[in-house]
$ cat query-v1.txt   # compact mmCIF, C-alpha atoms
# COMPACT_ATOMS: atom_id res chain seq x y z
CA MET A 1 65.19 84.86 128.44
CA LYS A 2 61.72 86.38 128.11
CA PHE A 3 58.34 84.93 129.05
CA SER A 4 54.93 86.05 130.25
CA PHE A 5 52.21 84.75 132.52
CA ILE A 6 48.77 85.68 133.82
CA HIS A 7 47.86 86.00 137.47
CA ILE A 8 44.13 85.71 138.13
CA ALA A 9 42.16 85.04 141.32
CA ASP A 10 38.77 85.09 143.04
CA ILE A 11 36.69 84.36 139.96
CA HIS A 12 33.86 83.12 142.20
CA LEU A 13 31.91 81.30 139.52
CA GLY A 14 28.34 80.99 140.79
CA ARG A 15 28.22 84.13 142.94
CA ALA A 16 25.34 86.54 142.37
CA PHE A 17 25.40 90.34 142.36
CA SER A 18 24.42 92.17 145.55
CA SER A 19 23.88 95.72 146.87
CA LEU A 20 21.73 96.64 143.88
CA SER A 21 19.08 99.31 144.39
CA GLU A 22 15.70 99.54 142.68
CA TYR A 23 17.21 101.86 140.05
CA ALA A 24 19.47 99.10 138.71
CA PHE A 25 16.86 96.53 137.76
CA ASP A 26 15.11 95.81 134.49
CA ASN A 27 15.11 92.88 132.08
CA ASN A 28 18.14 94.15 130.17
CA ALA A 29 20.23 94.54 133.34
CA LYS A 30 19.09 91.20 134.80
CA GLN A 31 20.22 89.37 131.68
CA ILE A 32 23.65 91.00 131.85
CA TYR A 33 24.02 90.23 135.57
CA LYS A 34 23.07 86.62 134.89
CA ASN A 35 25.92 86.00 132.42
CA ALA A 36 28.47 88.61 133.53
CA VAL A 37 30.91 86.32 135.34
CA GLU A 38 30.86 83.71 132.59
CA ILE A 39 31.53 86.37 129.94
CA SER A 40 34.35 87.92 132.01
CA PHE A 41 35.89 84.46 132.48
CA ASN A 42 35.72 83.79 128.74
CA ASN A 43 37.30 87.21 128.08
CA PHE A 44 40.24 86.01 130.16
CA ILE A 45 40.47 82.65 128.36
CA ASN A 46 40.40 84.29 124.93
CA TYR A 47 43.03 86.86 125.91
CA ALA A 48 45.40 84.16 127.24
CA VAL A 49 45.13 82.13 124.03
CA GLU A 50 45.53 85.19 121.76
CA GLN A 51 48.57 86.44 123.68
CA LYS A 52 50.12 82.95 123.84
CA VAL A 53 51.19 83.39 127.46
CA ASP A 54 53.54 80.73 128.82
CA PHE A 55 51.51 79.87 131.92
CA ILE A 56 48.63 80.97 134.14
CA LEU A 57 48.38 81.18 137.93
CA ILE A 58 44.90 80.96 139.50
CA SER A 59 45.07 81.95 143.18
CA GLY A 60 41.97 80.28 144.62
CA ASP A 61 38.22 80.86 145.04
CA THR A 62 37.54 79.91 141.44
CA PHE A 63 34.16 78.64 142.63
CA ASP A 64 31.88 80.31 145.13
CA ASN A 65 31.42 77.12 147.15
CA SER A 66 29.70 75.59 144.12
CA GLU A 67 29.32 71.99 145.32
CA ASN A 68 26.04 71.55 143.44
CA ASP A 69 26.53 74.18 140.73
CA PHE A 70 27.01 72.11 137.58
CA LYS A 71 27.07 75.17 135.29
CA SER A 72 30.06 76.67 137.13
CA LYS A 73 31.96 73.39 136.94
CA LEU A 74 31.19 73.13 133.24
CA ILE A 75 32.36 76.70 132.56
CA LEU A 76 35.65 76.05 134.35
CA LYS A 77 36.22 72.65 132.75
CA GLU A 78 35.62 74.00 129.23
CA GLY A 79 37.91 76.98 129.85
CA LEU A 80 40.72 74.80 131.16
CA LYS A 81 40.39 72.46 128.18
CA LYS A 82 40.82 75.43 125.80
CA LEU A 83 43.98 76.47 127.62
CA ASP A 84 45.27 72.89 127.62
CA ALA A 85 44.64 72.58 123.88
CA ALA A 86 46.56 75.81 123.32
CA GLY A 87 49.55 74.39 125.21
CA ILE A 88 49.24 76.90 128.06
CA LYS A 89 50.20 75.58 131.48
CA VAL A 90 47.83 76.33 134.35
CA PHE A 91 48.51 76.15 138.09
CA LEU A 92 45.29 76.45 140.09
CA ILE A 93 45.15 76.40 143.88
CA CYS A 94 42.05 75.91 146.02
CA GLY A 95 40.92 78.69 148.37
CA ASN A 96 38.55 78.93 151.31
CA HIS A 97 35.46 79.11 149.04
CA ASP A 98 36.56 76.20 146.85
CA PRO A 99 38.71 73.86 148.93
CA VAL A 100 39.96 70.56 147.55
CA SER A 101 36.81 68.86 148.87
CA VAL A 102 34.66 70.87 146.38
CA TYR A 103 36.46 69.54 143.30
CA ASN A 104 35.31 66.22 141.91
CA LYS A 105 38.35 64.34 140.62
CA THR A 106 36.17 62.55 138.08
CA THR A 107 34.94 65.85 136.62
CA PHE A 108 38.38 67.46 136.64
CA ASN A 109 40.13 64.39 135.33
CA PHE A 110 43.33 66.04 134.07
CA ASP A 111 46.13 63.53 134.44
CA GLU A 112 49.45 64.28 136.09
CA ASN A 113 51.13 64.92 132.73
CA SER A 114 48.52 67.46 131.62
CA ASN A 115 49.22 71.18 131.24
CA ILE A 116 46.52 71.70 133.89
CA LYS A 117 47.66 71.37 137.51
CA ILE A 118 44.88 71.68 140.08
CA ILE A 119 46.90 71.60 143.26
CA GLY A 120 45.45 68.95 145.56
CA ILE A 121 43.44 67.26 142.78
CA ASN A 122 45.93 65.90 140.24
CA THR A 123 48.94 66.85 142.42
CA PRO A 124 49.64 66.84 146.17
CA LYS A 125 47.98 69.76 148.06
CA TYR A 126 51.33 71.60 148.18
CA GLY A 127 54.65 71.44 146.39
CA SER A 128 57.05 73.03 143.91
CA PHE A 129 56.51 72.74 140.17
CA LYS A 130 58.98 73.47 137.39
CA VAL A 131 57.70 75.40 134.37
CA GLU A 132 59.24 74.98 130.92
CA ASN A 133 58.70 77.05 127.79
CA TYR A 134 57.94 75.81 124.28
CA ASN A 135 61.64 74.97 123.82
CA ASN A 136 61.65 72.80 126.97
CA GLU A 137 63.78 75.35 128.83
CA GLN A 138 62.97 75.90 132.49
CA ILE A 139 61.71 79.45 132.96
CA ALA A 140 60.13 79.42 136.41
CA GLU A 141 59.35 77.43 139.52
CA ILE A 142 55.94 77.65 141.19
CA HIS A 143 55.60 77.03 144.93
CA ALA A 144 51.93 76.41 145.73
CA TYR A 145 49.53 75.45 148.52
CA SER A 146 45.80 74.57 148.40
CA TYR A 147 43.12 74.66 151.11
CA ALA A 148 42.03 71.11 151.90
CA GLU A 149 38.95 72.45 153.78
CA ASN A 150 37.31 75.86 154.26
CA HIS A 151 39.47 76.71 157.26
CA ILE A 152 43.15 76.01 157.79
CA ASN A 153 44.67 75.19 161.19
CA GLU A 154 48.24 74.79 159.96
CA ASN A 155 50.77 77.36 158.78
CA PRO A 156 51.10 76.83 155.02
CA LEU A 157 54.38 78.75 154.91
CA ASN A 158 55.98 75.71 156.56
CA PHE A 159 55.51 73.91 153.24
CA PHE A 160 57.20 76.55 151.04
CA ILE A 161 60.85 76.26 150.09
CA PRO A 162 62.90 79.49 150.27
CA SER A 163 64.66 80.58 147.10
CA LYS A 164 68.44 80.80 147.25
CA THR A 165 68.77 83.63 144.77
CA ALA A 166 72.57 83.48 144.63
CA GLU A 167 72.47 79.91 143.38
CA ASN A 168 69.08 79.61 141.74
CA LYS A 169 68.72 81.35 138.36
CA THR A 170 65.06 80.37 138.07
CA PHE A 171 62.21 82.87 138.48
CA ASN A 172 60.47 81.77 141.70
CA ILE A 173 56.78 82.40 142.36
CA GLY A 174 54.72 81.77 145.49
CA LEU A 175 51.06 80.86 144.83
CA LEU A 176 48.88 81.32 147.91
CA HIS A 177 45.33 82.27 148.98
CA CYS A 178 45.80 84.32 152.13
CA ASP A 179 44.94 87.35 154.27
CA LEU A 180 48.01 89.59 154.05
CA ASP A 181 48.92 91.51 157.24
CA ALA A 182 45.60 90.56 158.85
CA ASP A 183 44.87 89.74 162.48
CA LYS A 184 46.50 86.44 163.41
CA LYS A 185 43.07 85.14 164.42
CA SER A 186 41.88 85.29 160.81
CA PRO A 187 40.86 81.80 159.58
CA TYR A 188 42.06 82.64 156.06
CA ILE A 189 45.81 82.19 156.41
CA PRO A 190 47.00 85.45 157.96
CA VAL A 191 50.57 86.12 156.83
CA LEU A 192 52.88 89.11 157.18
CA THR A 193 54.56 90.90 154.32
CA GLY A 194 57.92 90.30 155.99
CA GLU A 195 57.27 86.57 156.13
CA LEU A 196 56.66 86.43 152.39
CA LEU A 197 59.68 88.59 151.59
CA SER A 198 61.90 86.25 153.61
CA PHE A 199 61.43 83.56 150.95
CA ASN A 200 63.21 85.71 148.34
CA TYR A 201 60.66 84.86 145.65
CA ASP A 202 60.51 87.02 142.55
CA TYR A 203 56.70 87.29 142.79
CA TRP A 204 53.89 86.25 145.13
CA ALA A 205 50.61 85.56 143.31
CA LEU A 206 47.99 85.99 146.03
CA GLY A 207 44.25 85.49 146.19
CA HIS A 208 41.47 86.37 148.69
CA ILE A 209 41.34 90.21 148.53
CA HIS A 210 39.05 91.42 145.74
CA ILE A 211 40.79 94.70 144.98
CA PRO A 212 43.96 94.46 142.82
CA SER A 213 47.22 95.63 144.39
CA ASP A 214 50.95 95.17 144.03
CA GLU A 215 53.82 96.14 146.31
CA ASN A 216 57.31 94.64 146.57
CA ASN A 217 56.23 92.12 143.89
CA ILE A 218 53.57 90.78 146.27
CA GLY A 219 50.37 91.03 144.27
CA TYR A 220 46.64 90.51 144.58
CA ALA A 221 44.97 90.14 141.19
CA GLY A 222 41.60 91.09 142.71
CA THR A 223 38.35 89.56 141.52
CA ILE A 224 37.70 89.25 137.80
CA GLN A 225 34.21 90.76 138.14
CA GLY A 226 33.08 93.19 140.84
CA ARG A 227 29.69 92.18 142.25
CA ASN A 228 28.77 94.88 144.78
CA THR A 229 29.33 98.54 145.59
CA LYS A 230 32.49 97.73 147.59
CA GLU A 231 34.18 96.27 144.51
CA THR A 232 34.45 99.43 142.43
CA GLY A 233 36.61 100.21 139.44
CA ALA A 234 38.07 98.00 136.72
CA HIS A 235 38.52 94.29 137.47
CA GLY A 236 40.25 91.57 135.54
CA PHE A 237 43.63 89.89 135.77
CA LYS A 238 47.34 90.70 135.64
CA HIS A 239 49.49 90.07 132.61
CA ILE A 240 53.11 89.97 133.75
CA ILE A 241 56.14 89.97 131.44
CA VAL A 242 59.52 88.79 132.68
CA GLU A 243 62.87 89.36 131.01
CA ASN A 244 66.18 88.09 132.42
CA ASN A 245 64.38 87.09 135.62
CA LYS A 246 63.07 90.63 136.21
CA ILE A 247 59.48 91.80 135.90
CA VAL A 248 59.45 94.41 133.14
CA SER A 249 55.69 94.82 132.85
CA ASN A 250 52.79 94.20 135.23
CA SER A 251 49.48 95.29 133.68
CA LEU A 252 45.92 94.93 134.91
CA ILE A 253 43.83 93.74 131.96
CA ALA A 254 40.17 94.69 132.42
CA ALA A 255 37.85 91.76 131.71
CA ASP A 256 34.75 92.79 133.67
CA THR A 257 31.36 92.95 131.99
CA VAL A 258 29.68 95.03 134.71
CA ARG A 259 31.51 97.78 136.60
CA PHE A 260 30.62 99.58 139.81
CA GLN A 261 31.89 103.12 140.28
CA ASN A 262 31.34 105.86 142.88
CA ILE A 263 31.15 109.44 141.58
CA ASN A 264 31.23 112.44 143.93
CA ILE A 265 29.34 115.43 142.51
CA ASN A 266 29.43 118.86 144.18
CA LEU A 267 26.30 120.88 143.46
CA SER A 268 27.28 124.04 145.38
CA ASN A 269 27.50 126.17 142.23
CA THR A 270 24.13 125.10 140.86
CA VAL A 271 21.17 127.47 141.16
CA ASP A 272 18.16 125.18 140.78
CA ILE A 273 17.14 121.56 140.33
CA THR A 274 17.46 121.74 136.54
CA SER A 275 21.05 123.00 136.60
CA ALA A 276 21.84 120.32 139.21
CA TYR A 277 20.49 117.66 136.84
CA GLU A 278 22.63 119.04 133.99
CA VAL A 279 25.80 119.04 136.13
CA ILE A 280 25.15 115.44 137.15
CA GLN A 281 24.76 114.34 133.52
CA GLU A 282 27.95 116.23 132.58
CA LYS A 283 29.87 114.37 135.30
CA ILE A 284 28.54 111.02 134.10
CA THR A 285 29.51 111.84 130.50
CA GLU A 286 32.99 112.89 131.64
CA PHE A 287 33.39 109.61 133.55
CA ILE A 288 32.44 107.42 130.60
CA ARG A 289 34.85 109.28 128.27
CA GLN A 290 37.77 108.54 130.58
CA GLU A 291 36.89 104.94 131.38
CA LYS A 292 38.34 101.89 129.63
CA THR A 293 35.22 100.28 128.20
CA GLU A 294 36.41 97.49 125.90
CA ASN A 295 34.56 94.60 127.55
CA CYS A 296 32.12 96.45 129.79
CA LYS A 297 28.46 96.17 128.82
CA LEU A 298 27.04 97.87 131.89
CA PHE A 299 28.20 100.53 134.36
CA LEU A 300 26.54 100.82 137.76
CA LEU A 301 27.15 104.25 139.22
CA LYS A 302 26.69 105.30 142.81
CA LEU A 303 26.22 109.07 142.80
CA ILE A 304 27.25 110.93 145.97
CA LEU A 305 25.67 114.39 145.85
CA GLU A 306 27.37 117.05 147.98
CA GLY A 307 27.33 120.80 148.60
CA ASN A 308 25.12 123.49 150.11
CA ILE A 309 22.16 124.33 147.88
CA SER A 310 19.14 126.61 148.17
CA PHE A 311 16.81 124.04 146.55
CA TYR A 312 17.71 121.32 149.07
CA PRO A 313 14.09 120.08 149.51
CA GLU A 314 13.79 119.37 145.77
CA ILE A 315 16.28 116.48 145.84
CA THR A 316 13.44 113.99 146.27
CA GLN A 317 12.83 110.33 145.46
CA ASP A 318 10.98 111.46 142.36
CA PHE A 319 14.02 113.46 141.21
CA CYS A 320 16.31 110.47 141.82
CA LYS A 321 14.05 108.09 139.90
CA THR A 322 13.74 110.50 136.99
CA LEU A 323 17.52 110.95 136.95
CA ALA A 324 18.06 107.17 136.91
CA ASP A 325 15.50 106.59 134.15
CA ARG A 326 16.82 109.40 131.93
CA THR A 327 20.42 108.23 132.39
CA LYS A 328 19.51 104.78 131.07
CA GLU A 329 17.80 106.36 128.06
CA ILE A 330 20.64 108.81 127.28
CA PHE A 331 23.30 106.10 127.40
CA ASN A 332 21.26 103.39 125.64
CA ASN A 333 20.83 101.17 128.70
CA ARG A 334 24.58 100.99 129.25
CA ILE A 335 24.76 103.18 132.35
CA TYR A 336 22.54 102.53 135.34
CA ILE A 337 22.36 104.41 138.61
CA SER A 338 22.89 101.77 141.30
CA ASP A 339 22.35 104.22 144.16
CA ILE A 340 22.08 107.94 144.92
CA MET A 341 23.42 109.23 148.23
CA ASN A 342 22.11 112.71 148.98
CA ASN A 343 24.70 114.42 151.17
CA THR A 344 23.67 117.91 150.11
CA GLN A 345 22.78 120.47 152.78
CA PRO A 346 20.51 123.52 152.75
CA GLU A 347 22.47 126.77 152.51
CA ILE A 348 23.33 128.12 155.95
CA GLU A 349 21.28 131.26 156.58
CA SER A 350 23.10 132.92 159.47
CA GLU A 351 20.50 135.58 160.30
CA ILE A 352 17.65 133.07 160.46
CA LEU A 353 19.61 130.62 162.61
CA CYS A 354 20.87 133.35 164.94
CA ALA A 355 17.28 134.54 165.57
CA ASP A 356 15.86 131.02 165.96
CA ASP A 357 14.66 130.31 169.50
CA GLY A 358 14.78 126.52 169.12
CA ILE A 359 17.59 123.98 169.50
CA ALA A 360 18.91 124.82 166.01
CA GLY A 361 19.49 128.43 167.03
CA GLU A 362 21.13 127.37 170.28
CA ILE A 363 23.61 125.11 168.46
CA TYR A 364 24.37 127.89 165.97
CA ARG A 365 25.00 130.52 168.66
CA ILE A 366 27.34 128.21 170.58
CA THR A 367 29.22 127.40 167.39
CA VAL A 368 29.93 131.00 166.41
CA ASP A 369 30.72 132.03 169.99
CA GLU A 370 34.46 132.55 170.35
CA ASN A 371 34.31 130.69 173.67
CA ILE A 372 34.15 127.46 171.73
CA ASN A 373 37.87 127.92 171.13
CA ASP A 374 38.50 127.36 174.87
CA ALA A 375 36.95 123.91 174.63
CA LEU A 376 38.88 123.15 171.45
CA ASN A 377 42.14 124.28 173.06
CA LYS A 378 41.56 121.91 175.95
CA ALA A 379 40.75 119.06 173.56
CA GLN A 380 43.92 119.80 171.60
CA ALA A 381 46.01 119.82 174.80
CA ASP A 382 44.54 116.48 175.87
CA PHE A 383 45.27 115.09 172.43
CA LYS A 384 48.85 116.40 172.59
CA ASN A 385 49.41 114.47 175.82
CA LEU A 386 48.18 111.30 174.17
CA ILE A 387 50.41 111.49 171.10
CA THR A 388 53.72 112.70 172.50
CA GLN A 389 55.17 109.27 171.69
CA CYS A 390 54.47 109.94 167.98
CA ASN A 391 57.03 112.78 167.94
CA PHE A 392 54.76 115.26 166.16
CA SER A 393 56.34 118.69 165.75
CA GLU A 394 54.77 121.87 167.17
CA GLU A 395 53.97 122.98 163.61
CA GLU A 396 52.14 119.71 162.93
CA LEU A 397 50.11 120.12 166.13
CA ILE A 398 49.16 123.70 165.22
CA ALA A 399 48.08 122.57 161.76
CA PHE A 400 46.11 119.74 163.35
CA LYS A 401 44.38 122.17 165.73
CA LYS A 402 43.33 124.44 162.84
CA LYS A 403 42.01 121.49 160.91
CA ILE A 404 40.06 120.11 163.87
CA THR A 405 38.69 123.54 164.80
CA LYS A 406 37.38 124.09 161.27
CA SER A 407 35.99 120.57 161.10
CA VAL A 408 34.15 120.87 164.43
CA LYS A 409 32.70 124.25 163.55
CA ASP A 410 31.64 123.12 160.09
CA LYS A 411 29.94 120.05 161.52
CA CYS A 412 28.18 122.11 164.20
CA LEU A 413 26.93 124.63 161.64
CA THR A 414 25.70 121.79 159.46
CA LEU A 415 23.97 120.21 162.45
CA ALA A 416 22.25 123.50 163.33
CA ASN A 417 21.11 123.91 159.75
CA ARG A 418 19.74 120.37 159.46
CA VAL A 419 17.95 120.62 162.79
CA TYR A 420 16.35 123.89 161.67
CA TYR A 421 15.12 122.52 158.35
CA ASN A 422 13.84 119.30 159.88
CA GLU A 423 12.01 120.88 162.80
CA ASP A 424 8.24 121.19 162.66
CA ARG A 425 7.98 124.82 161.46
CA THR A 426 4.22 125.17 161.90
CA ASP A 427 4.71 128.78 162.99
CA VAL A 428 6.15 129.78 159.60

$ encode --input "query-v1.txt" --output "structure tokens"
Amino acid sequence: MKFSFIHIADIHLGRAFSSLSEYAFDNNAKQIYKNAVEISFNNFINYAVEQKVDFILISGDTFDNSENDFKSKLILKEGLKKLDAAGIKVFLICGNHDPVSVYNKTTFNFDENSNIKIIGINTPKYGSFKVENYNNEQIAEIHAYSYAENHINENPLNFFIPSKTAENKTFNIGLLHCDLDADKKSPYIPVLTGELLSFNYDYWALGHIHIPSDENNIGYAGTIQGRNTKETGAHGFKHIIVENNKIVSNSLIAADTVRFQNININLSNTVDITSAYEVIQEKITEFIRQEKTENCKLFLLKLILEGNISFYPEITQDFCKTLADRTKEIFNNRIYISDIMNNTQPEIESEILCADDGIAGEIYRITVDENINDALNKAQADFKNLITQCNFSEEELIAFKKKITKSVKDKCLTLANRVYYNEDRTDV
């Protein structure tokens, strides 16, 4: 028997974008930010209807604590009605941002026989639910738990029923909003991977973490729309296909309208500010060619500039603003620079630093002095005593020492260089 379902989580209807720099604002961008989550949500609804999936799992935080946000409630209600009309079953649990208390039972008035199950609203706050296909054949069983309030003081796993795989031919799914392998003091249902595996479910559809992941058929769908520089890369939902009770396909379907991405750019081989600008634009062009862009209307790029360059002082605010403005023009207002991190360094001029009679010269001379190896040897010996219980081999320790030695020296040379170029050089 073959069927498919969608796992989606952390939609956070009503949440605004954050971590946006001055480069990422204009009327065009503001309009896209304003409607991005709604558009991404509708992309998901349309995909589910077009693909005729058998059911949908929504793993909590559908709202962003939207008690008074009528628009968010309307968007969700209309989306669920479309799925219901298409005959697609939905199992939605409440998370810490949208506990049962946020949902108005009058607004979400789906009856108990509806395709739409909001756990805790038109069902009990936990339980097991059989899923049938269009031929009324049972294809799966969903075990689900909803937050009644923002914080949970009970262990929700006490309410889940283990699957007896030898006797039960049904595909079993756990639906939970939780903090996997987190500190036990976490208020957001900290659970261990081993605890989930002990239930012998065929898949765990989790919510709470905004980056998609999947291991041992324990999956986070991530958020449908990244909203800050920590939520980089493609976001959307998972489309999972099952055949003979085995997952044969687990694909992340991008639905995001705005996408954050970090791009590291090494400028060491550039000779002046103009060639640096050209290399940066080449890297941006290369990124956009490789990216899946079906639904994306706007890319927000954080550029991390690296390398040792002779024209270090020319990476100014004016350069960064010009770069951001030109990028918008070149890519027709589709690519914005959300931030520019200048990690470049001036080229290390050994002769100048060696002759310097200030603190920069002193740091440089200590760094290149072979006696520094004595201090590094002692540090390595102390470290060896601390990690004997890790059973590192002698070869691993030697490799570690070389790596640390190079790292320390590189950092000291960089420090000397930066001190030199930032000192008050009124004598020059």

$ residues_around --input "query-v1.txt" --residues "Ser40 (chain A)" --least-positions-apart "3" --cutoff "6 Å" --atoms "all atoms listed in the file" --output "NGL selection string"
:A and (37 or 43 or 255-257)

$ atom_distance --input "query-v1.txt" --atom1 "CA of Phe63 (chain A)" --atom2 "CA of His97 (chain A)"
6.6 Å

$ closest_atom_pairs --input "query-v1.txt" --of "region 231-269 of chain A" --to "region 168-187 of chain A" --cutoff "12 Å" --atoms "only C-alpha atoms" --output "CSV"
residue,atom,partner,partner_atom,distance
A:Ile241,CA,A:Phe171,CA,11.7
A:Val242,CA,A:Phe171,CA,8.7
A:Glu243,CA,A:Phe171,CA,9.9
A:Asn244,CA,A:Phe171,CA,8.9
A:Asn245,CA,A:Phe171,CA,5.5
A:Lys246,CA,A:Phe171,CA,8.1
A:Ile247,CA,A:Phe171,CA,9.7

$ atom_distance --input "query-v1.txt" --atom1 "CA of Glu154 (chain A)" --atom2 "CA of Pro124 (chain A)"
16.0 Å

$ residues_around --input "query-v1.txt" --residues "Phe160 (chain A)" --least-positions-apart "2" --cutoff "9 Å" --atoms "only C-alpha atoms" --output "PyMOL selection string"
chain A and resi 126-128+143-145+156-158+162+174+199

$ closest_residue --input "query-v1.txt" --among "A:Ile45, A:Gly120, A:Thr106, A:Glu137" --to "Ala85 (chain A)" --atoms "only C-alpha atoms"
A:Ile45

$ closest_residue --input "query-v1.txt" --among "A:Lys230, A:Lys2, A:Arg326, A:Lys71" --to "Ile280 (chain A)" --atoms "all atoms listed in the file"
A:Arg326

$ residues_near_point --input "query-v1.txt" --point "(30.5, 77.4, 141.5)" --cutoff "12 Å" --atoms "all atoms listed in the file" --output "MDAnalysis selection string"
chainID A and resid 10:16 37:38 61:77 97:99 102:103

$ write_last_selection --input "query-v1.txt" --atoms "C-alpha atoms" --output "mmCIF file, in the frame of the given file"
data_model
loop_
_atom_site.group_PDB
_atom_site.id
_atom_site.type_symbol
_atom_site.label_atom_id
_atom_site.label_comp_id
_atom_site.auth_asym_id
_atom_site.auth_seq_id
_atom_site.Cartn_x
_atom_site.Cartn_y
_atom_site.Cartn_z
ATOM 1 C CA ASP A 10 38.770 85.090 143.040
ATOM 2 C CA ILE A 11 36.690 84.360 139.960
ATOM 3 C CA HIS A 12 33.860 83.120 142.200
ATOM 4 C CA LEU A 13 31.910 81.300 139.520
ATOM 5 C CA GLY A 14 28.340 80.990 140.790
ATOM 6 C CA ARG A 15 28.220 84.130 142.940
ATOM 7 C CA ALA A 16 25.340 86.540 142.370
ATOM 8 C CA VAL A 37 30.910 86.320 135.340
ATOM 9 C CA GLU A 38 30.860 83.710 132.590
ATOM 10 C CA ASP A 61 38.220 80.860 145.040
ATOM 11 C CA THR A 62 37.540 79.910 141.440
ATOM 12 C CA PHE A 63 34.160 78.640 142.630
ATOM 13 C CA ASP A 64 31.880 80.310 145.130
ATOM 14 C CA ASN A 65 31.420 77.120 147.150
ATOM 15 C CA SER A 66 29.700 75.590 144.120
ATOM 16 C CA GLU A 67 29.320 71.990 145.320
ATOM 17 C CA ASN A 68 26.040 71.550 143.440
ATOM 18 C CA ASP A 69 26.530 74.180 140.730
ATOM 19 C CA PHE A 70 27.010 72.110 137.580
ATOM 20 C CA LYS A 71 27.070 75.170 135.290
ATOM 21 C CA SER A 72 30.060 76.670 137.130
ATOM 22 C CA LYS A 73 31.960 73.390 136.940
ATOM 23 C CA LEU A 74 31.190 73.130 133.240
ATOM 24 C CA ILE A 75 32.360 76.700 132.560
ATOM 25 C CA LEU A 76 35.650 76.050 134.350
ATOM 26 C CA LYS A 77 36.220 72.650 132.750
ATOM 27 C CA HIS A 97 35.460 79.110 149.040
ATOM 28 C CA ASP A 98 36.560 76.200 146.850
ATOM 29 C CA PRO A 99 38.710 73.860 148.930
ATOM 30 C CA VAL A 102 34.660 70.870 146.380
ATOM 31 C CA TYR A 103 36.460 69.540 143.300
#

$ atom_distance --input "query-v1.txt" --atom1 "CA of Asp272 (chain A)" --atom2 "CA of Phe311 (chain A)"
6.0 Å

$ closest_residue --input "query-v1.txt" --among "A:Ser4, A:Ser268, A:Asn217, A:Asn417" --to "Tyr203 (chain A)" --atoms "all atoms listed in the file"
A:Asn217

$ closest_residue --input "query-v1.txt" --among "A:Leu301, A:Ala86, A:Leu192, A:Ala234" --to "His210 (chain A)" --atoms "all atoms listed in the file"
A:Ala234

$ closest_residue --input "query-v1.txt" --among "A:Thr322, A:Thr414, A:Thr285, A:Ser21" --to "Pro346 (chain A)" --atoms "all atoms listed in the file"
A:Thr414

$ closest_residue --input "query-v1.txt" --among "A:Glu132, A:Glu50, A:Glu195, A:Asp214" --to "His7 (chain A)" --atoms "all atoms listed in the file"
A:Asp214

$ residues_around --input "query-v1.txt" --residues "region 235-237 of chain A" --least-positions-apart "6" --cutoff "12 Å" --atoms "only C-alpha atoms" --output "PyMOL selection string"
chain A and resi 5-11+37+39-45+47-48+56-59+205-207+210-213+219-227+250-261+292-296
